[in-house]
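**Q** Dumping the structure here so I can ask a few things about it.
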Amino acid sequence: MGRRSPLAHAPRPTLKGRPQVHFDGVVKAVSRTPIVLATDASVTGDKVGTGYLATTGETGLRAHAYPRYLTAPRVRVVVTELRAVYWGLRRIFAAHPGRPVEVRVDSLDALELLHEWRGGGCRMPDGYETRLRSQGRRPSLVKLQMYAEYTPGLTFVHEKAHVGNPLNEAADSLAKLGLRSLHGRVSAAEIPRLVPLWASGALAEYRRGRG
């Protein structure tokens with residue numbers, strides 16, 4: 001049997017008692033090189049949400065419970081911001097291999113780590129456990145560190161939050177939508193309708209702004 005790639009995806013186990021919300025979709029793209037990927041996170045108590053939107057149309061969200069004992073609140077935010085980057089990049093690399101990607105992040109703490117990883121560093125957020133997960137899966141941030149260090153054409157830039165950039169605003173809204181669904185404020189059945197609707201609107205606004 002051949003050697004297993006460190007980035008191979010093992011089946012994800014069902015975690016009983018751990019509520020989760022996730023959705024990945026594709027909407028009409030905006031023609032641009034490099035690809036621009038906006039990501040964001042939202043954290044409340046012991047629940048976290050992530051959202052992403054790319055100019056190629058890939059978009060999605062995730063939300064789940066995050067046990068408070070794992071990391072301090074400030075670190076939990078950084079970990080979640082980085083996970084948002086991971087989920088977005090995973091989609092982009094699968095759909096558009098080899099194309100340059102510019103990732104826009106509004107968290108300076110997360111951006112600092114991404115730049116370190118790009119330069120070959122391996123420091124993780126304080127308290128983040130890097131041991132293998134169930135079924136031998138590598139932790140998402142370990143895989144993200146490998147993406148950052150070894151992917152040609154991948155850059156990370158700061159995007160100031162809440163200044164009207166439609167991609168950043170959409171990523172923020174998607175992360176919060178995931179949390180609202182997790183809290184029962186939005187029906188999970190509405191997610192497949194709302195995510196493409198919001199993503200399409202943001203990309204249309206982005207397209208008009210570029211014009």
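All residue names refer to the structure tokens as shown: chains lettered A, B, ... in order, residues numbered from 1 in each chain, ligands numbered from 1 in order.
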Env of range 148-159 of chain A: 10 Å cut, atoms = only C-alpha atoms, seq-sep filter 5 positions within chain, self excluded. Answer as a count of residues only.

**A** 39

**Q** For a quick check of understanding, using only C-alpha atoms, which of A:Thr80, A:Ser134, A:Ser140, A:Thr33 has the smallest distance to Val48 in chain A?

**A**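 Checking each candidate against Val48 in chain A, we get A:Thr80 as the closest.
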
**Q** To test your reading of the structure, identify every residue in range 67-208 of chain A that backbone DSSP assigns to strand (DSSP E or B), and report it as a short mmCIF file (atom, residue, chain, number, x, y, z; two decimals) with all heavy atoms, in the first residue's frame.

**A**
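See out.cif below for the written result:
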```
data_model
loop_
_atom_site.label_atom_id
_atom_site.label_comp_id
_atom_site.auth_asym_id
_atom_site.auth_seq_id
_atom_site.Cartn_x
_atom_site.Cartn_y
_atom_site.Cartn_z
N VAL A 101 -3.62 32.85 -5.36
CA VAL A 101 -4.72 33.19 -4.46
C VAL A 101 -4.26 34.26 -3.48
O VAL A 101 -3.19 34.15 -2.87
CB VAL A 101 -5.20 31.95 -3.66
CG1 VAL A 101 -6.39 32.32 -2.77
CG2 VAL A 101 -5.56 30.81 -4.59
N GLU A 102 -5.07 35.29 -3.33
CA GLU A 102 -4.84 36.34 -2.34
C GLU A 102 -5.90 36.20 -1.25
O GLU A 102 -7.09 36.34 -1.54
CB GLU A 102 -4.94 37.71 -3.00
CG GLU A 102 -4.82 38.88 -2.04
CD GLU A 102 -5.04 40.21 -2.75
OE1 GLU A 102 -4.12 40.67 -3.46
OE2 GLU A 102 -6.15 40.77 -2.61
N VAL A 103 -5.49 35.90 -0.05
CA VAL A 103 -6.41 35.71 1.07
C VAL A 103 -6.47 37.00 1.88
O VAL A 103 -5.44 37.52 2.30
CB VAL A 103 -5.98 34.56 1.98
CG1 VAL A 103 -7.01 34.34 3.08
CG2 VAL A 103 -5.78 33.28 1.18
N ARG A 104 -7.67 37.51 2.09
CA ARG A 104 -7.86 38.73 2.85
C ARG A 104 -8.44 38.40 4.22
O ARG A 104 -9.51 37.81 4.32
CB ARG A 104 -8.77 39.70 2.09
CG ARG A 104 -8.18 40.11 0.74
CD ARG A 104 -9.01 41.15 0.04
NE ARG A 104 -8.43 41.53 -1.24
CZ ARG A 104 -8.99 42.41 -2.06
NH1 ARG A 104 -10.14 42.99 -1.74
NH2 ARG A 104 -8.40 42.70 -3.22
N VAL A 105 -7.71 38.81 5.25
CA VAL A 105 -8.04 38.47 6.63
C VAL A 105 -8.11 39.75 7.45
O VAL A 105 -7.24 40.61 7.32
CB VAL A 105 -6.96 37.53 7.23
CG1 VAL A 105 -7.33 37.10 8.64
CG2 VAL A 105 -6.76 36.32 6.34
N LEU A 154 0.50 31.98 -3.23
CA LEU A 154 -0.44 32.21 -2.15
C LEU A 154 0.05 33.38 -1.30
O LEU A 154 1.17 33.38 -0.80
CB LEU A 154 -0.57 30.96 -1.27
CG LEU A 154 -1.49 31.03 -0.05
CD1 LEU A 154 -2.92 31.36 -0.46
CD2 LEU A 154 -1.42 29.74 0.75
N THR A 155 -0.79 34.41 -1.15
CA THR A 155 -0.44 35.58 -0.36
C THR A 155 -1.54 35.89 0.65
O THR A 155 -2.71 35.54 0.43
CB THR A 155 -0.20 36.82 -1.25
OG1 THR A 155 -1.38 37.06 -2.03
CG2 THR A 155 1.00 36.62 -2.16
N PHE A 156 -1.16 36.55 1.72
CA PHE A 156 -2.10 36.92 2.79
C PHE A 156 -1.99 38.42 3.03
O PHE A 156 -0.89 38.94 3.24
CB PHE A 156 -1.77 36.15 4.08
CG PHE A 156 -1.77 34.66 3.92
CD1 PHE A 156 -0.58 33.96 3.75
CD2 PHE A 156 -2.96 33.94 3.91
CE1 PHE A 156 -0.57 32.58 3.59
CE2 PHE A 156 -2.96 32.56 3.76
CZ PHE A 156 -1.76 31.88 3.60
N VAL A 157 -3.13 39.10 3.01
CA VAL A 157 -3.14 40.55 3.20
C VAL A 157 -4.20 40.92 4.24
O VAL A 157 -5.17 40.18 4.47
CB VAL A 157 -3.42 41.30 1.89
CG1 VAL A 157 -2.35 40.99 0.85
CG2 VAL A 157 -4.79 40.94 1.34
N HIS A 158 -4.01 42.08 4.85
CA HIS A 158 -4.97 42.56 5.85
C HIS A 158 -6.12 43.28 5.18
O HIS A 158 -5.91 44.11 4.29
CB HIS A 158 -4.28 43.50 6.83
CG HIS A 158 -5.19 43.99 7.91
ND1 HIS A 158 -5.45 45.33 8.13
CD2 HIS A 158 -5.93 43.31 8.83
CE1 HIS A 158 -6.29 45.45 9.14
NE2 HIS A 158 -6.60 44.24 9.57
#
```

**Q** Which residues are near Tyr128 in chain A? Cut-off 12 Å, only C-alpha atoms, ignore same chain within fewer than 3 positions. Put them as a PDB file with C-alpha atoms, in the first residue's frame.

**A**
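And here's part_1.pdb as it stands now:
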```pdb
ATOM      1  CA  TYR A  69     -11.247  24.405  28.330  1.00  0.00           C
ATOM      2  CA  LEU A  70      -9.287  23.936  25.091  1.00  0.00           C
ATOM      3  CA  THR A  71      -8.049  27.526  24.690  1.00  0.00           C
ATOM      4  CA  ALA A  72      -8.472  30.964  26.239  1.00  0.00           C
ATOM      5  CA  VAL A  75      -6.905  32.342  21.379  1.00  0.00           C
ATOM      6  CA  ARG A  76     -10.230  30.744  20.464  1.00  0.00           C
ATOM      7  CA  VAL A  77     -10.908  33.725  18.187  1.00  0.00           C
ATOM      8  CA  VAL A  78      -7.520  33.393  16.456  1.00  0.00           C
ATOM      9  CA  VAL A  79      -7.953  29.632  15.980  1.00  0.00           C
ATOM     10  CA  THR A  80     -11.384  30.181  14.457  1.00  0.00           C
ATOM     11  CA  LEU A  82      -7.412  30.575  10.899  1.00  0.00           C
ATOM     12  CA  ARG A 123       4.380  28.348  15.828  1.00  0.00           C
ATOM     13  CA  MET A 124       0.740  27.608  16.695  1.00  0.00           C
ATOM     14  CA  PRO A 125      -1.764  29.605  18.772  1.00  0.00           C
ATOM     15  CA  ARG A 131      -1.495  15.763  17.828  1.00  0.00           C
ATOM     16  CA  LEU A 132      -3.402  13.668  15.297  1.00  0.00           C
ATOM     17  CA  PRO A 139      -5.347  19.120  12.718  1.00  0.00           C
ATOM     18  CA  SER A 140      -6.737  21.773  10.385  1.00  0.00           C
ATOM     19  CA  LEU A 141      -4.173  24.391  11.406  1.00  0.00           C
ATOM     20  CA  VAL A 142      -1.296  21.997  10.772  1.00  0.00           C
TER      21      VAL A 142
END
```

**Q** Residues at most 12 Å from Gly209 in chain A, counting only C-alpha atoms, excluding those fewer than 4 positions away in the same chain, as a PDB file with C-alpha atoms, in the first residue's frame?

**A**
```
ATOM      1  CA  VAL A  30     -16.114  37.330 -10.774  1.00  0.00           C
ATOM      2  CA  GLY A 164     -17.836  48.212   3.439  1.00  0.00           C
ATOM      3  CA  ASN A 165     -15.757  45.710   1.470  1.00  0.00           C
ATOM      4  CA  PRO A 166     -18.476  43.379   0.133  1.00  0.00           C
ATOM      5  CA  LEU A 167     -16.361  40.210   0.292  1.00  0.00           C
ATOM      6  CA  ALA A 202     -21.817  40.389  -2.370  1.00  0.00           C
ATOM      7  CA  LEU A 203     -20.056  39.320  -5.562  1.00  0.00           C
ATOM      8  CA  ALA A 204     -22.421  41.428  -7.667  1.00  0.00           C
ATOM      9  CA  GLU A 205     -21.601  44.463  -5.504  1.00  0.00           C
TER      10      GLU A 205
END
```

**Q** Which parts of range 150-207 of chain A does DSSP call alpha helix (DSSP H) when run on the backbone here, written out as a PDB file with C-alpha atoms, in the first residue's frame?

**A**
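After the write, selection.pdb holds the following:
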```pdb
ATOM      1  CA  TYR A 150       4.442  25.155   0.375  1.00  0.00           C
ATOM      2  CA  PRO A 166     -18.476  43.379   0.133  1.00  0.00           C
ATOM      3  CA  LEU A 167     -16.361  40.210   0.292  1.00  0.00           C
ATOM      4  CA  ASN A 168     -15.299  40.797   3.891  1.00  0.00           C
ATOM      5  CA  GLU A 169     -18.806  41.805   4.933  1.00  0.00           C
ATOM      6  CA  ALA A 170     -20.231  38.657   3.335  1.00  0.00           C
ATOM      7  CA  ALA A 171     -17.703  36.390   5.078  1.00  0.00           C
ATOM      8  CA  ASP A 172     -18.568  38.062   8.387  1.00  0.00           C
ATOM      9  CA  SER A 173     -22.306  37.663   7.760  1.00  0.00           C
ATOM     10  CA  LEU A 174     -21.913  34.000   6.831  1.00  0.00           C
ATOM     11  CA  ALA A 175     -19.950  33.249  10.008  1.00  0.00           C
ATOM     12  CA  LYS A 176     -22.678  34.909  12.069  1.00  0.00           C
ATOM     13  CA  LEU A 177     -25.386  33.095  10.117  1.00  0.00           C
ATOM     14  CA  GLY A 178     -23.809  29.793  11.095  1.00  0.00           C
ATOM     15  CA  LEU A 179     -23.903  30.783  14.758  1.00  0.00           C
ATOM     16  CA  ARG A 180     -27.511  31.954  14.519  1.00  0.00           C
ATOM     17  CA  SER A 181     -28.471  28.598  13.040  1.00  0.00           C
ATOM     18  CA  LEU A 182     -26.545  26.768  15.749  1.00  0.00           C
ATOM     19  CA  ILE A 191     -28.996  27.771   5.052  1.00  0.00           C
ATOM     20  CA  PRO A 192     -28.897  26.345   1.479  1.00  0.00           C
ATOM     21  CA  ARG A 193     -31.073  29.248   0.318  1.00  0.00           C
ATOM     22  CA  LEU A 194     -29.470  32.083   2.289  1.00  0.00           C
ATOM     23  CA  VAL A 195     -25.792  31.354   1.671  1.00  0.00           C
ATOM     24  CA  PRO A 196     -25.954  31.500  -2.168  1.00  0.00           C
ATOM     25  CA  LEU A 197     -28.286  34.508  -1.972  1.00  0.00           C
ATOM     26  CA  TRP A 198     -25.931  36.515   0.247  1.00  0.00           C
ATOM     27  CA  ALA A 199     -22.809  35.390  -1.619  1.00  0.00           C
ATOM     28  CA  SER A 200     -24.277  36.277  -5.024  1.00  0.00           C
ATOM     29  CA  GLY A 201     -25.287  39.711  -3.787  1.00  0.00           C
ATOM     30  CA  ALA A 202     -21.817  40.389  -2.370  1.00  0.00           C
ATOM     31  CA  LEU A 203     -20.056  39.320  -5.562  1.00  0.00           C
ATOM     32  CA  ALA A 204     -22.421  41.428  -7.667  1.00  0.00           C
ATOM     33  CA  GLU A 205     -21.601  44.463  -5.504  1.00  0.00           C
ATOM     34  CA  TYR A 206     -17.884  43.650  -5.716  1.00  0.00           C
ATOM     35  CA  ARG A 207     -18.184  43.424  -9.513  1.00  0.00           C
TER      36      ARG A 207
END
```

**Q** Pick out the closest residue to Tyr52 in chain A from this set: A:Arg137, A:Arg90, A:His96, A:Lys160. Count only C-alpha atoms.

**A**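 Selected residue with least distance to Tyr52 in chain A: A:Arg90.
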
**Q** Just the number, please: distance in Å from CA of Leu53 in chain A to CA of Ala65 in chain A, one decimal.

**A**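 Answer for the CA of Leu53 in chain A to CA of Ala65 in chain A separation: 22.3 Å.
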
**Q** Identify, on the basis of only C-alpha atoms, every residue whose closest approach to Lys47 in chain A does not exceed 9 Å; exclude the query and any residue fewer than 5 positions from it along the same chain; express the result as a PyMOL selection string.

**A** chain A and resi 42+63-68+179+182-183

**Q** Calculated over only C-alpha atoms, which of the candidates A:Gly51, A:Gly127, A:Gly45, A:Gly184 has the smallest distance to Glu81 in chain A?

**A**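 So, comparing all the options, the nearest one is A:Gly51.
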